[in-house]
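*Asks:* Let me begin by handing over the structure; questions about it come next.
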Amino acid sequence: MAGEGPAPIWRDVVGQAETVTTLTRAVADPAAMTHAWLFTGPPGSGRSTAARAFAGALLCPSGGCGECRECRTALDGTHADVDVLATEALSIGVAATRDLVQLAGRSPSVGRYRIILVEDADRLTEQSGNALLKALEEPTPRTVWLLCAPSLEDVLITVRSRSRHVRLRTPPVPEVAQLLHRRDGIDIGMATYAARAAQSHIGLAKRLATDEGARIRRRDTIAMAGRIRGVSDAVGAAADLLQIAEQERDRTLEARAAAEKERLLETLGADPSARTQPPHVRAQVTALEREHKTRATRFTRDMVDRALVDLLSVYRDALVLHAGSPVALVNEDARPVVEEVARAFGGEGLLGAMEAIATARERIAANVAPLLALEAMAVSLQLPSR
């Protein structure tokens, strides 16, 4: 109703008033609704959170009370009429897409809509995008597609041209801090530090606020900017960046992979201690190990990219100091490093360093070996001799 704030279902969608207004209108007015939506925004802006909230609001009898079974199960991805694809692979294959298209052809089980949420639509290949295309061109009544990606340019043009676009922005640091404080019970001081250090990436901010190891790894990454003074330092820094990513990968994924293999063997009735397994068991174990390898590759790249974003923030802060801008620093807690970098590089040098980091990110995304890309970047980040 006019004058009222957004429905409770939107409480975790922070800093996105325009998007919430658009989606709320679609929930209330069939004329404003469509069968396919594309959510874009920077990493950590809350694309999937907004999409899940939208799904809950569409299914909720009250338009998003946030408390009923429809709202709660839509938010956590367990609603019978909400199907979620969140790949851990480098791309979304044709088989997975065809499975979703088949689901999209079914009528809703209990709700008003059947909702298909693709959290990584930027990972659709040309082939899997083509498999999805017919479902978007000839939509099934009461089926809604919710696609998420960092930007329009990351999505196949044939897919994005058939979807309504809603763009999320980077939420303000205070709003992210308040979310962490309210939702997760994090001290407001720590929440504010984490939100600023994460550059408003909500998921990463939570991790920084709750994981001391993550804060230490970030601090080590930031410190690298002040210690690359020669080629040997550059090579060492590149190796350290990759090692940090690989250690985090192993810490996060190894136990999970072992548990998944154990469950698979149990499901197949195989003896985990046996030296050899029957052919059908070996085939499925090999397929699972291949999946684990793909997941580990993506995780490592994501961790390296996150470290490069942290490193980039040092040169951004140094440029702020160099220009005398009143803009707040991302790394206020590491001001001595930022000041040293600002003194060592001129404005042009800082821009060159930022370009070198951006190039490394692009190369790694294009499947260049991470260590090679990091070494080439680090050589460009050597502090000029005074």
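Letters A, B, ... go to the chains of the structure tokens in the order shown; residues in each chain start at 1; ligands are counted from 1 in the same order.
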Within 8 Å of segment 208-223 of chain A, counting only C-alpha atoms, which residues qualify if same-chain residues fewer than 2 places away don't, as a VMD selection string?

*Replies:* chain A and resid 186 190 to 191 193 to 194 198 204 to 206 225 to 227 241 244 307 310 to 311 314 334 337

*Asks:* Might you pull out every residue within 7 Å of segment 146-154 of chain A, with only C-alpha atoms counted and same-chain residues fewer than 6 positions away left off, and present them as a JSON list (two decimals) with N, CA and C atoms, in the first residue's frame?

*Replies:*
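Writing the result to around-v2.json gives the following:
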```
[["chain", "number", "residue", "atom", "x", "y", "z"],
["A", 36, "ALA", "N", 10.60, -13.85, -17.45],
["A", 36, "ALA", "CA", 12.05, -14.00, -17.30],
["A", 36, "ALA", "C", 12.65, -12.70, -16.80],
["A", 37, "TRP", "N", 13.47, -12.80, -15.75],
["A", 37, "TRP", "CA", 14.11, -11.64, -15.14],
["A", 37, "TRP", "C", 15.61, -11.89, -15.08],
["A", 38, "LEU", "N", 16.37, -10.85, -15.33],
["A", 38, "LEU", "CA", 17.83, -10.93, -15.27],
["A", 38, "LEU", "C", 18.33, -9.96, -14.21],
["A", 39, "PHE", "N", 18.90, -10.51, -13.14],
["A", 39, "PHE", "CA", 19.43, -9.71, -12.04],
["A", 39, "PHE", "C", 20.93, -9.53, -12.26],
["A", 40, "THR", "N", 21.39, -8.30, -12.37],
["A", 40, "THR", "CA", 22.82, -8.05, -12.51],
["A", 40, "THR", "C", 23.27, -7.11, -11.39],
["A", 41, "GLY", "N", 24.56, -7.18, -11.11],
["A", 41, "GLY", "CA", 25.13, -6.32, -10.08],
["A", 41, "GLY", "C", 26.50, -6.83, -9.71],
["A", 42, "PRO", "N", 27.32, -6.02, -9.06],
["A", 42, "PRO", "CA", 28.67, -6.42, -8.69],
["A", 42, "PRO", "C", 28.64, -7.62, -7.75],
["A", 43, "PRO", "N", 29.72, -8.41, -7.73],
["A", 43, "PRO", "CA", 29.79, -9.53, -6.79],
["A", 43, "PRO", "C", 29.52, -9.06, -5.36],
["A", 47, "ARG", "N", 22.60, -10.32, -5.54],
["A", 47, "ARG", "CA", 21.76, -10.73, -6.68],
["A", 47, "ARG", "C", 20.88, -11.92, -6.33],
["A", 48, "SER", "N", 21.50, -12.99, -5.83],
["A", 48, "SER", "CA", 20.72, -14.20, -5.55],
["A", 48, "SER", "C", 19.79, -13.98, -4.37],
["A", 51, "ALA", "N", 16.82, -12.32, -5.81],
["A", 51, "ALA", "CA", 16.05, -13.27, -6.62],
["A", 51, "ALA", "C", 15.25, -14.21, -5.73],
["A", 116, "ILE", "N", 12.37, -20.97, -11.65],
["A", 116, "ILE", "CA", 13.68, -21.53, -11.94],
["A", 116, "ILE", "C", 14.71, -20.43, -11.72],
["A", 117, "LEU", "N", 15.61, -20.65, -10.77],
["A", 117, "LEU", "CA", 16.64, -19.67, -10.43],
["A", 117, "LEU", "C", 18.00, -20.17, -10.87],
["A", 118, "VAL", "N", 18.65, -19.42, -11.76],
["A", 118, "VAL", "CA", 20.00, -19.74, -12.23],
["A", 118, "VAL", "C", 20.94, -18.69, -11.67],
["A", 119, "GLU", "N", 21.73, -19.07, -10.67],
["A", 119, "GLU", "CA", 22.55, -18.09, -9.95],
["A", 119, "GLU", "C", 23.79, -17.66, -10.73],
["A", 120, "ASP", "N", 24.19, -18.41, -11.73],
["A", 120, "ASP", "CA", 25.41, -18.09, -12.48],
["A", 120, "ASP", "C", 25.11, -18.10, -13.97],
["A", 121, "ALA", "N", 24.18, -17.27, -14.40],
["A", 121, "ALA", "CA", 23.80, -17.26, -15.82],
["A", 121, "ALA", "C", 24.96, -16.83, -16.71],
["A", 122, "ASP", "N", 25.96, -16.15, -16.14],
["A", 122, "ASP", "CA", 27.13, -15.78, -16.93],
["A", 122, "ASP", "C", 27.97, -16.99, -17.30],
["A", 160, "ARG", "N", 19.75, -12.49, -22.73],
["A", 160, "ARG", "CA", 19.42, -11.23, -22.07],
["A", 160, "ARG", "C", 18.36, -10.43, -22.82]]
```

*Asks:* I want to know what sits within 12 Å of Glu175 of chain A, based on only C-alpha atoms, with residues of the same chain fewer than 2 positions away left out; could you give that as a list in words?

*Replies:* Arg11, Asp12, Val13, Val14, Gly15, Gln16, Ala17, Ser45, Thr170, Pro171, Pro172, Val173, Ala177, Gln178, Leu179, Leu180, His181, Arg182, Arg183, Ile188, Ala191, Thr192, Ala195, Arg196, Gln199, Ser200, His201, Ile202 and Ala205 of chain A

*Asks:* Name the residues in contact with Gly5 of chain A at a cut-off of 12 Å, using only C-alpha atoms, excluding same-chain residues fewer than 4 positions from it; report them as number ranges by chain.

*Replies:* A: 1, 9-11, 17, 20-21, 24

*Asks:* Which neighbours of segment 245-259 of chain A fall inside 12 Å, counting only C-alpha atoms, when residues of the same chain fewer than 5 positions from it are skipped, and could you give them as a count of residues only?

*Replies:* 38

*Asks:* Could you go through segment 129-250 of chain A and tell me which residues DSSP, when run on the backbone, assigns to strand (DSSP E), listing them as a list in words?

*Replies:*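 Filtering segment 129-250 of chain A down to strand (DSSP E) leaves Thr143, Val144, Trp145, Leu146, Leu147, Cys148, Ala149, Arg164, His165, Val166 and Arg167 of chain A.
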
*Asks:* Would you write out, as JSON lines, a table of all residues in segment 131-221 of chain A that have an atom no more than 9 Å from an atom of segment 25-34 of chain A, listing for each the closest atom pair and the distance in Å to one decimal, considering only C-alpha atoms and ordering rows by chain and rising residue number?

*Replies:*
```
{"residue": "A:Val144", "atom": "CA", "partner": "A:Thr34", "partner_atom": "CA", "distance": 7.5}
{"residue": "A:Ser163", "atom": "CA", "partner": "A:Thr34", "partner_atom": "CA", "distance": 8.2}
{"residue": "A:Arg164", "atom": "CA", "partner": "A:Thr34", "partner_atom": "CA", "distance": 7.4}
```

*Asks:* Write to file, as a compact mmCIF listing (two decimals), in the first residue's frame, the residues of the selection just made, with C-alpha atoms.

*Replies:*
```txt
# COMPACT_ATOMS: atom_id res chain seq x y z
CA VAL A 144 9.22 -17.71 -14.05
CA SER A 163 14.63 -11.11 -20.07
CA ARG A 164 13.63 -8.05 -18.09
```

*Asks:* Which residue, A:Arg167, A:Arg69, A:Lys134, A:Arg361, has the smallest gap to Arg98 of chain A when you use only C-alpha atoms?

*Replies:*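 Selected residue with least distance to Arg98 of chain A: A:Lys134.
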